[in-house]
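Please read the structure below before turning to the comments.
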Amino acid sequence: MVLLDGKALSLKILNNVKEKVSKLDRIPHLVVILVGDDSASKIYVNNKKKAAEKVGIKSTVIELPSDTNENDLLDKIQELNNNDDVTGILVQLPLPEQIDKNKIITAISPKKDVDGFSPENVGRLATGLEPYFYPATPQGIIMLLDEYGIKIEGKDAVILGRSNIVGKPMAQMLLKRNATVTICHSYTKEIEDKIKTADILISAVGKKIVRCKMGYKNSVVIDVGIHRDSNGKLTGDVDFDYVSPSCGFISPVPGGVGPMTIASLMFNASKVYN
Ligand code: NAP
């Protein structure tokens, strides 16, 4: 069994991004908007800012109060869309309930939408056009598979979870690479049977859901989940000790998809379209 070392690859990617940025004619500028004071969101935003600084990308965090109204946030996004100095815009989710997340995501210029969540980028991916940005987590997973020489074409991929940020774009990206994709969610019957058919299993649920032996000894298990167990320890969706002897490759938590997501986001933030 081979451990897919996301930590090591993320450092390599961040170094490549740093080198690329140092050769650009202009410094990319990422603006992260944080609305409210959710403590987890603050940590994520801070990590993104630190990562950007490390690779030479200028970053600005705009903190808005939790009672910010939707129109004010839309105006702010419009202002950033029109500001030629700004090359990337990211709105940290979740947003307070008075703000419609979809309206906000739709307002971000597709050429500055470093998260790749805007309808134009999602639609481009789904229709086979090149999106300006691929969503960071699935893009990071593809980078990890490629780094280890894992063939995607012709493989049976099973994805657990259908969120807009992981499950659905992951399915599109694997389809684009000619995998046969099955997406499972909370209404799916006999999930274990489906897991066992996977050459590539990607779990993005947020619960310890993968607790069976894999069907093929060369199968690949990617654990996207991040949550805490009853002892407060950081864990993923996969019962690592039980599942790992039955597969060929597996990503750990921590040290797998998590660092790849941030490296992939910086890869996106280094792209300049305007
Ligand atoms: P999410 O929006 O929380 O949705 C979870 C998905 O899991 C939903 O599609 C849900 O189905 C499905 N699900 C729930 N219970 C299930 C069950 N018993 N069997 C099958 N499917 C089930 O998903 P997310 O935002 O993608 O996050 C998923 C996990 O990945 C979380 O732990 C999150 O923290 C982690 N995450 C990690 C990274 C990283 O960088 N490592 C990045 C993003 C997310 P329904 O659609 O039917 O409700």
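Going by the structure tokens order, chains are called A, B, ..., each with residues numbered from 1, while ligands are numbered from 1 in the order shown.
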Compile the contact shell of Lys50 in chain A as a PyMOL selection string: residues with an atom at most 10 Å away, counting only C-alpha atoms, same-chain residues fewer than 6 positions apart removed.
chain A and resi 44+57+59
Residues within 9 Å of ligand 1 (only C-alpha atoms and all ligand atoms), as a VMD selection string?
chain A and resid 136 to 138 140 160 to 168 184 to 189 191 203 to 209 223 to 227 235 to 237 253 to 254 256 to 262
Put those residues in a file: N, CA and C atoms, as a CSV table (one decimal), in the first residue's frame.
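Result written to again_17.csv:
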```
chain,number,residue,atom,x,y,z
A,136,ALA,N,-10.7,24.2,-6.1
A,136,ALA,CA,-9.3,23.8,-5.6
A,136,ALA,C,-9.2,22.4,-5.1
A,137,THR,N,-10.3,21.9,-4.4
A,137,THR,CA,-10.1,20.5,-3.8
A,137,THR,C,-10.1,19.4,-4.9
A,138,PRO,N,-11.0,19.4,-5.8
A,138,PRO,CA,-10.9,18.3,-6.8
A,138,PRO,C,-9.7,18.5,-7.7
A,140,GLY,N,-6.8,19.6,-6.7
A,140,GLY,CA,-5.7,19.1,-5.9
A,140,GLY,C,-5.7,17.6,-5.9
A,160,LEU,N,-18.3,9.7,-3.0
A,160,LEU,CA,-19.3,9.8,-1.9
A,160,LEU,C,-19.4,11.3,-1.6
A,161,GLY,N,-20.6,11.8,-1.8
A,161,GLY,CA,-20.9,13.2,-1.6
A,161,GLY,C,-21.1,13.9,-2.9
A,162,ARG,N,-22.1,14.9,-2.9
A,162,ARG,CA,-22.4,15.6,-4.1
A,162,ARG,C,-22.4,17.1,-3.9
A,163,SER,N,-21.5,17.6,-3.1
A,163,SER,CA,-21.5,19.0,-2.8
A,163,SER,C,-21.0,19.8,-4.1
A,164,ASN,N,-21.3,21.1,-4.1
A,164,ASN,CA,-20.9,21.9,-5.3
A,164,ASN,C,-19.4,22.1,-5.2
A,165,ILE,N,-18.8,22.0,-4.0
A,165,ILE,CA,-17.4,22.3,-3.9
A,165,ILE,C,-16.5,21.1,-4.1
A,166,VAL,N,-17.0,19.9,-3.8
A,166,VAL,CA,-16.1,18.7,-4.0
A,166,VAL,C,-16.8,17.7,-4.9
A,167,GLY,N,-17.9,17.1,-4.5
A,167,GLY,CA,-18.4,15.9,-5.2
A,167,GLY,C,-18.7,16.2,-6.6
A,168,LYS,N,-19.5,17.2,-6.9
A,168,LYS,CA,-20.0,17.4,-8.3
A,168,LYS,C,-18.8,17.8,-9.2
A,184,CYS,N,-22.4,9.0,-5.1
A,184,CYS,CA,-23.3,8.5,-4.1
A,184,CYS,C,-23.7,9.7,-3.1
A,185,HIS,N,-24.8,9.6,-2.5
A,185,HIS,CA,-25.2,10.7,-1.5
A,185,HIS,C,-26.1,10.0,-0.5
A,186,SER,N,-26.8,10.8,0.3
A,186,SER,CA,-27.5,10.3,1.5
A,186,SER,C,-28.7,9.4,1.1
A,187,TYR,N,-29.1,9.5,-0.2
A,187,TYR,CA,-30.2,8.6,-0.6
A,187,TYR,C,-29.8,7.3,-1.3
A,188,THR,N,-28.5,7.2,-1.5
A,188,THR,CA,-27.9,6.0,-2.2
A,188,THR,C,-28.1,4.7,-1.4
A,189,LYS,N,-28.6,3.7,-2.1
A,189,LYS,CA,-28.8,2.4,-1.5
A,189,LYS,C,-27.5,1.6,-1.6
A,191,ILE,N,-24.4,1.4,-0.2
A,191,ILE,CA,-23.2,2.1,-0.5
A,191,ILE,C,-22.0,1.2,-0.5
A,203,SER,N,-14.0,10.0,-1.0
A,203,SER,CA,-15.0,10.2,0.0
A,203,SER,C,-15.0,11.6,0.5
A,204,ALA,N,-16.2,12.3,0.3
A,204,ALA,CA,-16.3,13.7,0.8
A,204,ALA,C,-17.7,13.8,1.4
A,205,VAL,N,-17.8,13.3,2.6
A,205,VAL,CA,-19.1,13.2,3.3
A,205,VAL,C,-19.0,14.0,4.6
A,206,GLY,N,-17.9,13.8,5.4
A,206,GLY,CA,-17.9,14.5,6.7
A,206,GLY,C,-18.3,13.5,7.8
A,207,LYS,N,-18.3,12.2,7.5
A,207,LYS,CA,-18.6,11.2,8.6
A,207,LYS,C,-17.8,10.0,8.3
A,208,LYS,N,-17.5,9.2,9.3
A,208,LYS,CA,-16.7,8.0,9.1
A,208,LYS,C,-17.5,7.0,8.4
A,209,ILE,N,-17.5,7.0,7.1
A,209,ILE,CA,-18.4,6.2,6.3
A,209,ILE,C,-17.8,5.0,5.6
A,223,ASP,N,-9.4,10.3,0.8
A,223,ASP,CA,-10.2,10.8,1.9
A,223,ASP,C,-10.2,12.3,2.0
A,224,VAL,N,-11.4,12.9,1.6
A,224,VAL,CA,-11.5,14.3,1.7
A,224,VAL,C,-12.0,14.8,3.0
A,225,GLY,N,-12.7,14.0,3.7
A,225,GLY,CA,-13.4,14.4,4.9
A,225,GLY,C,-12.4,15.0,6.0
A,226,ILE,N,-12.9,16.0,6.7
A,226,ILE,CA,-12.1,16.4,7.9
A,226,ILE,C,-13.1,16.7,9.0
A,227,HIS,N,-13.0,15.9,10.0
A,227,HIS,CA,-13.9,16.2,11.2
A,227,HIS,C,-13.2,15.7,12.4
A,235,THR,N,-9.8,13.7,12.1
A,235,THR,CA,-10.0,12.4,11.3
A,235,THR,C,-10.7,12.6,10.0
A,236,GLY,N,-10.7,11.6,9.2
A,236,GLY,CA,-11.4,11.7,7.9
A,236,GLY,C,-12.6,10.8,7.8
A,237,ASP,N,-13.0,10.5,6.6
A,237,ASP,CA,-14.2,9.6,6.3
A,237,ASP,C,-13.8,8.1,6.3
A,253,VAL,N,-5.4,11.4,6.6
A,253,VAL,CA,-6.0,12.7,7.2
A,253,VAL,C,-5.4,12.7,8.6
A,254,PRO,N,-4.6,13.8,8.9
A,254,PRO,CA,-4.2,14.9,8.0
A,254,PRO,C,-3.1,14.5,7.1
A,256,GLY,N,-3.1,14.7,3.6
A,256,GLY,CA,-3.5,14.2,2.3
A,256,GLY,C,-4.1,15.3,1.5
A,257,VAL,N,-5.4,15.3,1.4
A,257,VAL,CA,-6.2,16.3,0.5
A,257,VAL,C,-6.1,17.7,1.1
A,258,GLY,N,-6.1,17.9,2.4
A,258,GLY,CA,-6.1,19.2,3.1
A,258,GLY,C,-5.0,20.1,2.5
A,259,PRO,N,-3.7,19.7,2.6
A,259,PRO,CA,-2.6,20.6,2.1
A,259,PRO,C,-2.7,20.7,0.6
A,260,MET,N,-3.2,19.7,-0.1
A,260,MET,CA,-3.3,19.9,-1.6
A,260,MET,C,-4.3,20.9,-2.0
A,261,THR,N,-5.4,21.1,-1.1
A,261,THR,CA,-6.4,22.1,-1.4
A,261,THR,C,-5.8,23.5,-1.4
A,262,ILE,N,-5.0,23.7,-0.4
A,262,ILE,CA,-4.4,25.1,-0.3
A,262,ILE,C,-3.4,25.3,-1.4
```
May I have the residues within 9 Å of Leu9 in chain A as a PyMOL selection string, using only C-alpha atoms and disregarding those fewer than 5 positions away in the same chain?
chain A and resi 4+14+143-144+147+259-260+263
Just the alpha helix (DSSP H) stuff from range 14-252 of chain A, please, per backbone DSSP, written as a VMD selection string.
chain A and resid 14 to 23 39 to 54 70 to 82 101 to 107 119 to 127 136 to 147 167 to 176 191 to 196 240 to 243
Strand (DSSP E or B) call set, DSSP backbone run, range 31-88 of chain A, as number ranges by chain:
A: 31-35, 58-64, 88
Hey, which of A:Ile62, A:Val45, A:Ala171, A:Leu90 ends up closest to Asp115 in chain A? Count only C-alpha atoms.
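Closest to Asp115 in chain A, using only C-alpha atoms: A:Leu90.
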Check the smallest atom-to-atom distance from each of A:Pro96, A:Pro28, A:Pro110, A:Gly116 to Leu73 in chain A using only C-alpha atoms, then report the winner.
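Closest to Leu73 in chain A of all the choices is A:Pro96.
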Excluding Ala157 in chain A and residues on its chain fewer than 3 positions from it, collect all residues at most 8 Å away from it, counting only C-alpha atoms, and give them as a list in words.
Leu174, Ala179, Thr180, Val181, Thr182, Ala198, Asp199, Ile200, Leu201 and Ile202 of chain A
Which of these residues is nearest to Ile142 in chain A, using only C-alpha atoms: A:Pro169, A:Phe117, A:Ala40, A:Lys194?
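The closest residue to Ile142 in chain A is A:Pro169.
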Residue nearest Asp85 in chain A among A:Leu11, A:Val31, A:Leu24, A:Val221 (counting only C-alpha atoms):
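Closest candidate: A:Val31.
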Taking 5 positions as the minimum chain separation for residues in the same chain, which residues sit within 9 Å of Tyr132 in chain A when counting only C-alpha atoms? Answer as a PyMOL selection string.
chain A and resi 110-114+116+120-121+124+268+271+273
Residue contacts of range 213-217 of chain A (12 Å, only C-alpha atoms) excluding same-chain residues fewer than 5 positions away, as a ChimeraX atom specification:
/A:1-2,155-156,158,192-201,238-250
Kindly indicate which residue among A:Pro94, A:Pro131, A:Gly255, A:Gly56 lies nearest to Arg26 in chain A, using only C-alpha atoms for the distances.
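Of the candidates, the smallest distance to Arg26 in chain A is held by A:Gly56.
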Nearest-residue call for Gln98 in chain A, choices A:Leu145, A:Gly36, A:Val55, A:Val210, using only C-alpha atoms:
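Among the listed residues, the smallest separation from Gln98 in chain A belongs to A:Gly36.
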